[in-house]
>>> print(open('data_18.cif').read())   # mmCIF, C-alpha atoms
data_coords
loop_
_atom_site.label_atom_id
_atom_site.label_comp_id
_atom_site.auth_asym_id
_atom_site.auth_seq_id
_atom_site.Cartn_x
_atom_site.Cartn_y
_atom_site.Cartn_z
CA MET A 229 -6.44 -4.01 13.97
CA ASN A 230 -9.58 -3.16 12.06
CA ASP A 231 -12.32 -4.66 9.92
CA ILE A 232 -13.05 -3.53 6.36
CA LEU A 233 -16.82 -3.53 5.99
CA PRO A 234 -18.78 -4.01 2.75
CA GLU A 235 -19.59 -0.30 2.42
CA GLN A 236 -15.84 0.44 2.65
CA SER A 237 -14.53 -2.34 0.46
CA SER A 238 -15.60 -0.78 -2.84
CA ALA A 239 -13.09 2.07 -2.31
CA TRP A 240 -10.39 -0.53 -1.58
CA GLN A 241 -11.23 -2.35 -4.80
CA TYR A 242 -11.12 0.93 -6.73
CA LEU A 243 -7.66 1.77 -5.35
CA GLU A 244 -6.27 -1.72 -5.91
CA ALA A 245 -7.64 -1.86 -9.46
CA LYS A 246 -5.95 1.46 -10.26
CA PHE A 247 -2.65 0.17 -8.88
CA GLN A 248 -2.90 -3.11 -10.78
CA ALA A 249 -3.51 -1.23 -14.02
CA VAL A 250 -0.46 0.98 -13.47
CA VAL A 251 1.98 -1.82 -12.54
CA ALA A 252 0.74 -3.89 -15.48
CA SER A 253 1.51 -0.97 -17.80
CA TYR A 254 5.10 -1.01 -16.49
CA GLY A 255 5.49 -4.78 -16.93
CA TYR A 256 5.55 -5.82 -13.25
CA GLY A 257 4.35 -9.28 -12.21
CA GLU A 258 2.56 -10.07 -8.95
CA ILE A 259 4.28 -12.04 -6.18
CA ARG A 260 2.58 -13.29 -3.00
CA THR A 261 4.55 -14.34 0.08
CA PRO A 262 3.49 -15.78 3.48
CA ILE A 263 2.64 -13.44 6.32
CA VAL A 264 4.77 -15.55 8.70
CA GLU A 265 8.54 -15.76 8.29
CA SER A 266 11.55 -16.58 10.42
CA SER A 267 12.27 -13.71 12.83
CA GLU A 268 15.90 -13.89 11.78
CA LEU A 269 14.97 -12.82 8.25
CA PHE A 270 13.85 -9.41 9.50
CA ASN A 271 16.60 -9.12 12.12
CA ARG A 272 19.21 -9.50 9.37
CA SER A 273 17.53 -7.39 6.69
CA ILE A 274 15.87 -4.54 8.58
CA GLY A 275 18.51 -4.27 11.33
CA GLU A 276 18.40 -5.34 14.96
CA VAL A 277 18.67 -1.78 16.28
CA THR A 278 15.75 -0.39 14.29
CA ASP A 279 12.45 0.53 15.95
CA ILE A 280 10.69 -2.17 13.94
CA VAL A 281 12.82 -5.03 15.27
CA GLU A 282 13.36 -3.63 18.76
CA LYS A 283 9.80 -2.48 19.51
CA GLU A 284 7.26 -3.36 16.85
CA MET A 285 7.58 -6.91 15.50
CA TYR A 286 5.09 -9.56 16.52
CA CYS A 287 7.35 -12.53 17.39
CA PHE A 288 6.48 -15.96 18.76
CA GLU A 289 7.75 -19.52 18.99
CA ASP A 290 5.92 -22.31 17.19
CA ARG A 291 5.51 -25.84 18.53
CA ASN A 292 8.97 -26.81 17.32
CA GLY A 293 10.56 -23.90 19.17
CA GLU A 294 11.30 -21.96 15.98
CA ARG A 295 11.28 -18.20 16.37
CA LEU A 296 8.78 -16.72 13.90
CA ALA A 297 7.43 -13.25 13.13
CA LEU A 298 4.44 -11.72 11.42
CA ARG A 299 6.00 -9.78 8.55
CA PRO A 300 6.41 -6.07 9.37
CA GLU A 301 7.17 -5.15 5.74
CA GLY A 302 7.28 -6.83 2.33
CA THR A 303 10.79 -6.38 0.91
CA ALA A 304 12.68 -8.95 3.00
CA SER A 305 10.09 -11.66 2.25
CA ILE A 306 10.32 -11.00 -1.48
CA VAL A 307 14.13 -11.15 -1.38
CA ARG A 308 13.91 -14.44 0.53
CA ALA A 309 11.46 -15.83 -2.04
CA GLY A 310 13.65 -14.66 -4.92
CA ILE A 311 16.71 -16.42 -3.49
CA GLU A 312 14.77 -19.57 -2.59
CA HIS A 313 13.28 -19.96 -6.08
CA GLY A 314 16.35 -18.94 -8.06
CA LEU A 315 14.77 -15.78 -9.49
CA LEU A 316 17.52 -13.24 -8.88
CA PHE A 317 21.06 -14.30 -9.86
CA ASN A 318 22.07 -12.97 -13.30
CA GLN A 319 18.44 -12.02 -13.96
CA THR A 320 16.28 -8.91 -13.98
CA GLN A 321 12.93 -9.04 -12.23
CA ARG A 322 10.10 -6.62 -11.61
CA PHE A 323 7.58 -7.65 -8.94
CA TRP A 324 4.56 -6.02 -7.34
CA TYR A 325 2.76 -7.12 -4.19
CA ARG A 326 -0.04 -6.31 -1.80
CA GLY A 327 -1.14 -7.70 1.54
CA PRO A 328 -1.23 -7.30 5.31
CA MET A 329 1.80 -6.29 7.41
CA PHE A 330 2.01 -6.18 11.21
CA ARG A 331 3.68 -3.75 13.61
CA TYR A 332 3.01 -3.20 17.28
CA GLU A 333 2.91 0.59 17.34
CA LYS A 334 0.56 3.26 18.61
CA PRO A 335 -2.65 3.09 16.54
CA GLN A 336 -3.82 6.33 14.95
CA LYS A 337 -6.11 7.38 12.15
CA GLY A 338 -5.08 5.57 8.99
CA ARG A 339 -2.44 3.51 10.79
CA TYR A 340 -3.18 0.18 12.46
CA ARG A 341 -1.22 -2.74 13.89
CA GLN A 342 -2.40 -4.85 11.01
CA PHE A 343 -2.15 -2.64 7.96
CA GLN A 344 -2.19 -3.20 4.23
CA GLN A 345 0.66 -2.31 1.89
CA ILE A 346 1.08 -2.26 -1.87
CA GLY A 347 4.48 -1.91 -3.46
CA VAL A 348 7.01 -2.90 -6.10
CA GLU A 349 10.52 -4.39 -6.08
CA ALA A 350 12.96 -4.51 -9.02
CA PHE A 351 16.13 -6.64 -9.11
CA GLY A 352 19.26 -6.96 -11.22
CA MET A 353 19.47 -3.37 -12.50
CA ALA A 354 22.15 -1.09 -11.05
CA GLY A 355 21.54 2.14 -12.99
CA ALA A 356 19.60 5.21 -11.95
CA ASP A 357 17.09 4.53 -14.73
CA ILE A 358 15.31 1.84 -12.71
CA ASP A 359 15.25 4.13 -9.65
CA ALA A 360 13.59 6.71 -11.87
CA GLU A 361 11.12 4.13 -13.22
CA VAL A 362 9.91 3.26 -9.73
CA ILE A 363 9.38 6.94 -8.97
CA LEU A 364 7.67 7.53 -12.33
CA LEU A 365 5.41 4.54 -11.64
CA CYS A 366 4.37 6.21 -8.38
CA ALA A 367 3.68 9.46 -10.22
CA SER A 368 1.55 7.59 -12.78
CA PHE A 369 -0.43 6.03 -9.94
CA TRP A 370 -0.98 9.41 -8.23
CA ARG A 371 -2.04 10.86 -11.58
CA SER A 372 -4.57 8.06 -12.15
CA LEU A 373 -6.06 8.79 -8.70
CA GLY A 374 -6.12 12.55 -9.29
CA ILE A 375 -3.84 13.38 -6.33
CA LEU A 376 -0.43 14.12 -7.91
CA ASP A 377 -0.70 17.85 -7.13
CA SER A 378 -1.26 17.07 -3.43
CA LEU A 379 2.02 15.16 -3.04
CA THR A 380 5.67 16.23 -2.80
CA LEU A 381 8.58 14.00 -3.81
CA GLU A 382 11.56 14.21 -1.42
CA LEU A 383 14.90 12.76 -2.54
CA ASN A 384 18.26 11.97 -0.98
CA SER A 385 21.25 9.72 -1.57
CA LEU A 386 22.87 7.72 1.22
CA GLY A 387 25.88 6.88 -0.96
CA SER A 388 27.85 3.66 -0.71
CA ASN A 389 28.23 1.76 2.55
CA SER A 390 31.82 2.99 2.99
CA ALA A 391 30.86 6.63 2.34
CA ARG A 392 27.96 6.33 4.75
CA GLU A 393 30.27 4.92 7.43
CA GLN A 394 32.58 7.91 7.00
CA TYR A 395 29.68 10.28 7.31
CA GLN A 396 28.31 8.41 10.33
CA SER A 397 31.65 8.77 12.10
CA ALA A 398 31.66 12.53 11.45
CA LEU A 399 28.03 12.83 12.61
CA VAL A 400 28.69 10.86 15.81
CA GLN A 401 31.68 13.05 16.61
CA TYR A 402 29.62 16.21 16.09
CA LEU A 403 26.66 14.98 18.15
CA SER A 404 28.76 13.42 20.92
CA GLU A 405 30.12 16.87 21.70
CA ARG A 406 26.50 18.02 22.10
CA LYS A 407 24.99 14.88 23.60
CA GLU A 408 23.32 16.64 26.51
CA GLN A 409 21.34 18.80 24.10
CA LEU A 410 19.83 15.76 22.33
CA ASP A 411 16.41 14.36 23.19
CA GLU A 412 16.32 11.04 25.06
CA ASP A 413 15.64 8.83 22.02
CA SER A 414 18.41 10.49 20.03
CA GLN A 415 20.88 9.94 22.87
CA LYS A 416 20.11 6.21 22.68
CA ARG A 417 20.41 6.20 18.89
CA LEU A 418 23.79 7.91 19.08
CA LEU A 419 25.26 4.55 20.12
CA SER A 420 23.02 2.20 18.13
CA ASN A 421 21.75 3.89 14.94
CA PRO A 422 22.98 7.50 14.69
CA LEU A 423 21.64 8.17 11.17
CA ARG A 424 18.09 7.86 12.52
CA ILE A 425 18.73 11.02 14.56
CA LEU A 426 18.52 12.94 11.27
CA ASP A 427 14.77 12.35 11.03
CA SER A 428 14.04 13.05 14.69
CA LYS A 429 10.72 14.82 15.19
CA GLU A 430 12.07 16.83 18.14
CA GLN A 431 12.47 20.47 17.15
CA SER A 432 15.40 21.01 19.54
CA THR A 433 17.30 18.11 17.94
CA GLN A 434 16.49 19.35 14.44
CA ALA A 435 17.83 22.79 15.38
CA LEU A 436 21.02 21.16 16.65
CA LEU A 437 21.43 19.33 13.32
CA ASP A 438 21.53 22.61 11.39
CA GLY A 439 25.26 22.76 12.05
CA ALA A 440 25.92 19.04 11.58
CA PRO A 441 27.97 17.57 8.70
CA ASN A 442 25.95 17.15 5.49
CA LEU A 443 25.52 13.64 4.10
CA THR A 444 25.78 14.81 0.49
CA ASP A 445 29.32 16.09 1.16
CA TYR A 446 30.43 12.49 1.81
CA LEU A 447 29.06 10.89 -1.35
CA ASP A 448 31.62 8.93 -3.36
CA GLU A 449 31.94 9.72 -7.06
CA GLU A 450 29.83 6.79 -8.26
CA ALA A 451 26.95 7.58 -5.88
CA ALA A 452 27.10 11.27 -6.81
CA GLU A 453 26.89 10.40 -10.53
CA HIS A 454 24.03 7.97 -9.84
CA PHE A 455 22.11 10.67 -7.98
CA ALA A 456 22.77 13.25 -10.71
CA SER A 457 21.55 10.80 -13.37
CA LEU A 458 18.36 10.11 -11.41
CA ARG A 459 17.62 13.81 -11.07
CA SER A 460 18.30 14.33 -14.78
CA ILE A 461 15.70 11.69 -15.74
CA LEU A 462 13.12 13.13 -13.35
CA ASP A 463 13.77 16.63 -14.66
CA ALA A 464 13.28 15.46 -18.24
CA ALA A 465 10.03 13.72 -17.25
CA GLY A 466 8.73 16.89 -15.58
CA ILE A 467 8.63 15.36 -12.08
CA SER A 468 9.25 18.05 -9.47
CA TYR A 469 11.08 17.16 -6.25
CA LYS A 470 13.05 18.62 -3.39
CA ILE A 471 16.35 17.38 -2.00
CA ASN A 472 16.09 16.48 1.69
CA PRO A 473 19.60 15.80 3.07
CA ARG A 474 18.11 14.46 6.32
CA LEU A 475 16.00 11.80 4.64
CA VAL A 476 17.47 8.44 5.72
CA ARG A 477 14.44 6.13 6.08
CA GLY A 478 13.92 3.88 9.11
CA LEU A 479 15.46 0.67 7.75
CA ASP A 480 19.13 -0.26 7.68
CA TYR A 481 19.19 -1.84 4.24
CA TYR A 482 19.03 1.30 2.06
CA ASN A 483 21.96 2.66 0.04
CA LYS A 484 22.22 5.37 -2.61
CA THR A 485 18.71 6.54 -3.59
CA VAL A 486 16.05 7.04 -0.91
CA PHE A 487 12.76 8.86 -1.48
CA GLU A 488 9.43 9.69 0.09
CA TRP A 489 6.17 11.04 -1.28
CA THR A 490 4.71 13.32 1.39
CA THR A 491 1.54 15.37 1.79
CA ASP A 492 0.26 18.14 4.05
CA LYS A 493 -3.31 16.81 3.78
CA LEU A 494 -3.02 14.23 6.58
CA GLY A 495 -1.60 16.22 9.49
CA ALA A 496 1.76 15.44 11.08
CA GLN A 497 1.99 11.91 9.64
CA GLY A 498 2.66 13.08 6.11
CA THR A 499 4.49 10.19 4.42
CA VAL A 500 2.26 8.34 1.95
CA CYS A 501 4.86 6.28 0.05
CA ALA A 502 8.57 5.58 0.55
CA GLY A 503 11.35 3.55 -0.98
CA GLY A 504 14.85 3.43 -2.33
CA ARG A 505 17.77 1.27 -3.35
CA TYR A 506 19.02 -1.69 -1.28
CA ASP A 507 21.83 -3.31 -3.26
CA GLY A 508 23.30 -5.24 -0.33
CA MET A 509 20.28 -7.14 0.94
CA VAL A 510 20.28 -10.12 -1.42
CA LYS A 511 23.88 -11.00 -0.52
CA GLN A 512 23.21 -10.28 3.14
CA LEU A 513 20.40 -12.86 3.11
CA GLY A 514 22.48 -15.57 1.43
CA GLY A 515 22.17 -14.87 -2.29
CA LYS A 516 24.61 -13.50 -4.83
CA ALA A 517 25.16 -9.74 -4.90
CA THR A 518 22.17 -8.23 -6.74
CA ALA A 519 21.17 -4.63 -7.34
CA ALA A 520 17.67 -3.84 -6.05
CA VAL A 521 15.25 -0.95 -5.64
CA GLY A 522 11.63 -0.73 -4.49
CA MET A 523 8.90 1.22 -2.77
CA ALA A 524 5.83 0.62 -0.63
CA MET A 525 2.75 2.57 0.36
CA GLY A 526 0.14 2.08 3.07
CA THR A 527 -3.30 1.43 1.63
CA GLU A 528 -5.19 2.83 4.63
CA ARG A 529 -3.34 6.13 4.47
CA LEU A 530 -3.93 6.40 0.74
CA LEU A 531 -7.64 5.80 1.20
CA LEU A 532 -7.72 8.38 3.97
CA MET A 533 -6.11 10.85 1.58
CA LEU A 534 -8.62 10.05 -1.19
CA GLU A 535 -11.42 10.57 1.31
CA THR A 536 -9.92 13.85 2.54
CA LEU A 537 -9.57 15.16 -1.02
CA ASN A 538 -12.98 13.75 -2.03
CA VAL A 539 -11.64 12.16 -5.20
CA VAL A 540 -13.19 8.68 -5.03
CA PRO A 541 -15.70 8.68 -7.91
CA ASP A 542 -19.37 8.02 -7.25
CA GLN A 543 -19.42 4.97 -9.51
CA VAL A 544 -17.20 3.14 -7.03
CA SER A 545 -20.25 2.57 -4.85
CA GLN A 546 -21.44 -0.98 -5.39
CA ASN A 547 -25.17 -0.31 -5.60
CA LEU A 548 -27.19 -3.15 -7.04
CA ASP A 549 -28.38 -3.02 -10.62
CA LEU A 550 -31.44 -5.14 -9.83
CA TYR A 551 -33.29 -6.36 -6.78
CA LEU A 552 -35.36 -9.41 -7.74
CA ALA A 553 -38.26 -10.49 -5.54
CA ALA A 554 -41.38 -12.68 -5.74
CA GLU A 555 -44.77 -11.10 -5.26
CA ASP A 556 -46.53 -14.45 -4.82
CA LYS A 557 -45.77 -17.43 -2.61
CA GLY A 558 -44.17 -20.53 -4.10
CA LEU A 559 -42.04 -18.74 -6.71
CA GLN A 560 -38.71 -18.71 -4.87
CA GLY A 561 -37.17 -21.61 -6.78
CA GLU A 562 -38.16 -20.09 -10.13
CA LEU A 563 -36.87 -16.70 -8.95
CA MET A 564 -33.42 -18.22 -8.34
CA LEU A 565 -33.37 -19.67 -11.87
CA ILE A 566 -34.40 -16.32 -13.38
CA ALA A 567 -31.51 -14.62 -11.53
CA GLU A 568 -29.03 -17.23 -12.81
CA GLN A 569 -30.27 -16.76 -16.39
CA LEU A 570 -29.87 -12.98 -16.10
CA ARG A 571 -26.34 -13.29 -14.70
CA SER A 572 -25.39 -15.55 -17.60
CA ALA A 573 -26.97 -13.26 -20.19
CA LEU A 574 -25.57 -10.03 -18.68
CA PRO A 575 -22.09 -10.65 -17.17
CA GLY A 576 -21.22 -8.07 -14.55
CA LEU A 577 -24.83 -7.33 -13.65
CA ARG A 578 -25.23 -6.98 -9.86
CA ILE A 579 -28.40 -8.81 -8.80
CA ARG A 580 -29.70 -9.61 -5.35
CA VAL A 581 -32.54 -12.08 -4.86
CA HIS A 582 -34.98 -11.44 -2.01
CA CYS A 583 -34.94 -14.43 0.36
CA SER A 584 -36.82 -13.37 3.50
CA GLY A 585 -40.59 -13.56 3.06
CA LEU A 586 -43.06 -11.34 1.25
CA LYS A 587 -43.76 -8.64 3.85
CA ASN A 588 -42.78 -5.08 2.79
CA VAL A 589 -40.76 -6.45 -0.12
CA LEU A 590 -40.75 -3.22 -2.12
CA ASN A 591 -39.59 -1.12 0.84
CA LYS A 592 -36.82 -3.59 1.64
CA ALA A 593 -35.73 -3.58 -1.99
CA ARG A 594 -35.53 0.22 -2.09
CA GLN A 595 -33.46 0.29 1.11
CA THR A 596 -30.68 -1.56 -0.70
CA GLY A 597 -30.26 1.33 -3.15
CA ALA A 598 -30.80 -0.94 -6.15
CA GLU A 599 -31.27 0.97 -9.40
CA LYS A 600 -34.21 -1.21 -10.43
CA VAL A 601 -36.59 -3.59 -8.67
CA ALA A 602 -38.43 -6.44 -10.36
CA LEU A 603 -41.40 -8.05 -8.56
CA VAL A 604 -42.23 -11.40 -10.15
CA LYS A 605 -45.75 -12.85 -10.06
CA ARG A 606 -47.79 -15.44 -11.93
CA ALA A 607 -50.30 -14.03 -14.40
CA ALA A 608 -53.81 -15.37 -14.89
CA ASP A 609 -52.66 -17.48 -17.84
CA GLY A 610 -50.00 -19.12 -15.65
CA GLU A 611 -47.03 -17.31 -17.21
CA LEU A 612 -44.51 -15.46 -15.01
CA VAL A 613 -44.41 -11.67 -15.42
CA ALA A 614 -42.45 -8.94 -13.65
CA THR A 615 -43.40 -5.45 -12.52
CA LEU A 616 -40.25 -3.36 -13.08
CA TRP A 617 -39.63 -0.35 -10.85
CA HIS A 618 -37.06 2.42 -11.27
CA GLY A 619 -37.01 4.30 -7.97
CA GLU A 620 -40.58 5.29 -7.15
CA GLU A 621 -41.75 4.89 -10.73
CA VAL A 622 -43.28 1.77 -12.25
CA ILE A 623 -41.69 1.32 -15.65
CA ARG A 624 -44.05 -1.39 -16.92
CA ASP A 625 -45.19 -4.99 -16.56
CA ILE A 626 -43.10 -7.23 -18.77
CA SER A 627 -42.61 -10.87 -19.46
CA ILE A 628 -39.61 -12.65 -17.96
CA ALA A 629 -38.18 -12.99 -21.48
CA GLN A 630 -38.23 -9.17 -21.80
CA LEU A 631 -36.55 -8.57 -18.43
CA SER A 632 -33.02 -9.06 -19.76
CA SER A 633 -33.41 -6.39 -22.47
CA SER A 634 -34.86 -3.94 -19.94
CA LEU A 635 -31.75 -3.86 -17.74
#
>>> encode(input="data_18.cif", output="structure tokens")
Amino acid sequence: MNDILPEQSSAWQYLEAKFQAVVASYGYGEIRTPIVESSELFNRSIGEVTDIVEKEMYCFEDRNGERLALRPEGTASIVRAGIEHGLLFNQTQRFWYRGPMFRYEKPQKGRYRQFQQIGVEAFGMAGADIDAEVILLCASFWRSLGILDSLTLELNSLGSNSAREQYQSALVQYLSERKEQLDEDSQKRLLSNPLRILDSKEQSTQALLDGAPNLTDYLDEEAAEHFASLRSILDAAGISYKINPRLVRGLDYYNKTVFEWTTDKLGAQGTVCAGGRYDGMVKQLGGKATAAVGMAMGTERLLLMLETLNVVPDQVSQNLDLYLAAEDKGLQGELMLIAEQLRSALPGLRIRVHCSGLKNVLNKARQTGAEKVALVKRAADGELVATLWHGEEVIRDISIAQLSSSL
């Protein structure tokens, strides 16, 4: 788990502001859920034989003996909130969220055990048009950040639950005949979660899958039409993509559309954003059957990508507009009032008041990187005046009344 320091937080604010502007333009409203939920919520939604539930969730008992978990992802919590507050049945909803998630996994650059996610969820719409909208929203976000050309959209369809079960049976039969050739993790998944073998990182297993049954051959007619409609909308919008028949995602709740935005700019861990359709989850968690689709992206990995591509603009740095200091003793109270008057007169102005003695004031002010420095003193006639500096250059001595118009 890591700290986000002041010199880093401006880039976070830049990224979050860009995302908020994009989701607002698509008509999504913000939802905030607790970071602690019942463990059972994630067991039922994500799947008990997934890596997240088996290996990565932070679980504990509270003082009443209830089994709780720090949320490992956002979707299940939002579905729970939607059911609890009556937001989903016979309604359409578009939500966006941000916040910390928790998984006990091996830390690496851009990936921590407490990590931040931003994402969207849409409910009550069964057509491929809303799937396309979520993907187009992502593309708009990448475009606003200047990184669209560095990302690749990968698509697949998992079909209906019944079609997926038929495919899973065929896959298990094929792999069972070659079990000894599978890596150790895939041998375990063969009994518990065989579809996850498709995205194994072991080259020997991937080579073995070249001859395996293809998921797209098992799509039912409705899922095939849904997938064709999605591709048609993306084609018309000029969004390029590639079909990845082995893309299954790591969570059990997906059906039909699944997608990932990947990059080759971050090494082996190339997934920046992922999502898909999960029509069965609302009913699974106690609500009425409701169509649903969403996506999520890790904020740390996005920031790492922006840093790698050097596309965070210079104006994101939160340098001060003005450093205000007293040149004479006894002026600190008046200095505070001057700063308050300037903040009221010039909303958004970034001012820091010097509060630590008069020694080396000018040097200390310049170390902050402030654009301008004002040293306030009392003139011979008793009036307050300020010497205004811009870098190494003295602009002029001005009255306090003139200070506002000089900034």
>>> residues_around(input="data_18.cif", residues="segment 574-580 of chain A", least_positions_apart="6", cutoff="9 Å", atoms="all atoms listed in the file", output="short mmCIF file (atom, residue, chain, number, x, y, z; two decimals) with C-alpha atoms, in the coordinates of the input")
data_model
loop_
_atom_site.label_atom_id
_atom_site.label_comp_id
_atom_site.auth_asym_id
_atom_site.auth_seq_id
_atom_site.Cartn_x
_atom_site.Cartn_y
_atom_site.Cartn_z
CA GLN A 546 -21.44 -0.98 -5.39
CA ASN A 547 -25.17 -0.31 -5.60
CA LEU A 548 -27.19 -3.15 -7.04
CA ASP A 549 -28.38 -3.02 -10.62
CA LEU A 550 -31.44 -5.14 -9.83
CA TYR A 551 -33.29 -6.36 -6.78
CA LEU A 552 -35.36 -9.41 -7.74
CA ALA A 553 -38.26 -10.49 -5.54
CA ALA A 567 -31.51 -14.62 -11.53
CA ALA A 598 -30.80 -0.94 -6.15
CA SER A 632 -33.02 -9.06 -19.76
CA LEU A 635 -31.75 -3.86 -17.74
#
>>> resolve_selection(input="data_18.cif", expression="the PyMOL selection byres ((chain A and resi 279-283) around 12)", output="PyMOL selection string")
chain A and resi 267-278+284-287+297-301+329-334+341+413+416-417+420-421+424+477-480
>>> write_last_selection(input="data_18.cif", atoms="C-alpha atoms", output="PDB file, keeping the file's coordinate frame")
ATOM      1  CA  SER A 267      12.270 -13.710  12.830  1.00  0.00           C
ATOM      2  CA  GLU A 268      15.900 -13.890  11.780  1.00  0.00           C
ATOM      3  CA  LEU A 269      14.970 -12.820   8.250  1.00  0.00           C
ATOM      4  CA  PHE A 270      13.850  -9.410   9.500  1.00  0.00           C
ATOM      5  CA  ASN A 271      16.600  -9.120  12.120  1.00  0.00           C
ATOM      6  CA  ARG A 272      19.210  -9.500   9.370  1.00  0.00           C
ATOM      7  CA  SER A 273      17.530  -7.390   6.690  1.00  0.00           C
ATOM      8  CA  ILE A 274      15.870  -4.540   8.580  1.00  0.00           C
ATOM      9  CA  GLY A 275      18.510  -4.270  11.330  1.00  0.00           C
ATOM     10  CA  GLU A 276      18.400  -5.340  14.960  1.00  0.00           C
ATOM     11  CA  VAL A 277      18.670  -1.780  16.280  1.00  0.00           C
ATOM     12  CA  THR A 278      15.750  -0.390  14.290  1.00  0.00           C
ATOM     13  CA  GLU A 284       7.260  -3.360  16.850  1.00  0.00           C
ATOM     14  CA  MET A 285       7.580  -6.910  15.500  1.00  0.00           C
ATOM     15  CA  TYR A 286       5.090  -9.560  16.520  1.00  0.00           C
ATOM     16  CA  CYS A 287       7.350 -12.530  17.390  1.00  0.00           C
ATOM     17  CA  ALA A 297       7.430 -13.250  13.130  1.00  0.00           C
ATOM     18  CA  LEU A 298       4.440 -11.720  11.420  1.00  0.00           C
ATOM     19  CA  ARG A 299       6.000  -9.780   8.550  1.00  0.00           C
ATOM     20  CA  PRO A 300       6.410  -6.070   9.370  1.00  0.00           C
ATOM     21  CA  GLU A 301       7.170  -5.150   5.740  1.00  0.00           C
ATOM     22  CA  MET A 329       1.800  -6.290   7.410  1.00  0.00           C
ATOM     23  CA  PHE A 330       2.010  -6.180  11.210  1.00  0.00           C
ATOM     24  CA  ARG A 331       3.680  -3.750  13.610  1.00  0.00           C
ATOM     25  CA  TYR A 332       3.010  -3.200  17.280  1.00  0.00           C
ATOM     26  CA  GLU A 333       2.910   0.590  17.340  1.00  0.00           C
ATOM     27  CA  LYS A 334       0.560   3.260  18.610  1.00  0.00           C
ATOM     28  CA  ARG A 341      -1.220  -2.740  13.890  1.00  0.00           C
ATOM     29  CA  ASP A 413      15.640   8.830  22.020  1.00  0.00           C
ATOM     30  CA  LYS A 416      20.110   6.210  22.680  1.00  0.00           C
ATOM     31  CA  ARG A 417      20.410   6.200  18.890  1.00  0.00           C
ATOM     32  CA  SER A 420      23.020   2.200  18.130  1.00  0.00           C
ATOM     33  CA  ASN A 421      21.750   3.890  14.940  1.00  0.00           C
ATOM     34  CA  ARG A 424      18.090   7.860  12.520  1.00  0.00           C
ATOM     35  CA  ARG A 477      14.440   6.130   6.080  1.00  0.00           C
ATOM     36  CA  GLY A 478      13.920   3.880   9.110  1.00  0.00           C
ATOM     37  CA  LEU A 479      15.460   0.670   7.750  1.00  0.00           C
ATOM     38  CA  ASP A 480      19.130  -0.260   7.680  1.00  0.00           C
TER      39      ASP A 480
END
>>> residues_around(input="data_18.cif", residues="Glu611 of chain A", least_positions_apart="4", cutoff="12 Å", atoms="only C-alpha atoms", output="list of chain:residue names")
A:Leu559, A:Glu562, A:Val604, A:Lys605, A:Arg606, A:Ala607, A:Ile626, A:Ser627, A:Ile628, A:Ala629
>>> atom_distance(input="data_18.cif", atom1="atom CA of Gly515 of chain A", atom2="atom CA of Glu258 of chain A")
21.3 Å
>>> resolve_selection(input="data_18.cif", expression="the PyMOL selection byres ((chain A and resi 536) around 12)", output="NGL selection string")
:A and (338 or 375 or 378 or 491-495 or 529-535 or 537-540)
>>> residues_around(input="data_18.cif", residues="His454 of chain A", least_positions_apart="3", cutoff="6 Å", atoms="only C-alpha atoms", output="compact mmCIF listing (two decimals) with C-alpha atoms, in the coordinates of the input")
# COMPACT_ATOMS: atom_id res chain seq x y z
CA ALA A 356 19.60 5.21 -11.95
CA ALA A 451 26.95 7.58 -5.88
CA SER A 457 21.55 10.80 -13.37
>>> closest_residue(input="data_18.cif", among="A:Asp427, A:Glu528, A:Asp377, A:Asp507", to="Asp359 of chain A", atoms="all atoms listed in the file")
A:Asp507
>>> resolve_selection(input="data_18.cif", expression="the PyMOL selection byres ((chain A and resi 554) around 9)", output="ChimeraX atom specification")
/A:552-553,555-560,563,581-582,585-586,589,602-605,614
>>> write_last_selection(input="data_18.cif", atoms="C-alpha atoms", output="PDB file, in the frame of the given file")
ATOM      1  CA  LEU A 552     -35.360  -9.410  -7.740  1.00  0.00           C
ATOM      2  CA  ALA A 553     -38.260 -10.490  -5.540  1.00  0.00           C
ATOM      3  CA  GLU A 555     -44.770 -11.100  -5.260  1.00  0.00           C
ATOM      4  CA  ASP A 556     -46.530 -14.450  -4.820  1.00  0.00           C
ATOM      5  CA  LYS A 557     -45.770 -17.430  -2.610  1.00  0.00           C
ATOM      6  CA  GLY A 558     -44.170 -20.530  -4.100  1.00  0.00           C
ATOM      7  CA  LEU A 559     -42.040 -18.740  -6.710  1.00  0.00           C
ATOM      8  CA  GLN A 560     -38.710 -18.710  -4.870  1.00  0.00           C
ATOM      9  CA  LEU A 563     -36.870 -16.700  -8.950  1.00  0.00           C
ATOM     10  CA  VAL A 581     -32.540 -12.080  -4.860  1.00  0.00           C
ATOM     11  CA  HIS A 582     -34.980 -11.440  -2.010  1.00  0.00           C
ATOM     12  CA  GLY A 585     -40.590 -13.560   3.060  1.00  0.00           C
ATOM     13  CA  LEU A 586     -43.060 -11.340   1.250  1.00  0.00           C
ATOM     14  CA  VAL A 589     -40.760  -6.450  -0.120  1.00  0.00           C
ATOM     15  CA  ALA A 602     -38.430  -6.440 -10.360  1.00  0.00           C
ATOM     16  CA  LEU A 603     -41.400  -8.050  -8.560  1.00  0.00           C
ATOM     17  CA  VAL A 604     -42.230 -11.400 -10.150  1.00  0.00           C
ATOM     18  CA  LYS A 605     -45.750 -12.850 -10.060  1.00  0.00           C
ATOM     19  CA  ALA A 614     -42.450  -8.940 -13.650  1.00  0.00           C
TER      20      ALA A 614
END
>>> closest_residue(input="data_18.cif", among="A:Trp617, A:Tyr402, A:Tyr325, A:Tyr469", to="Thr527 of chain A", atoms="all atoms listed in the file")
A:Tyr325
>>> atom_distance(input="data_18.cif", atom1="atom CA of Leu458 of chain A", atom2="atom CA of Tyr256 of chain A")
20.5 Å
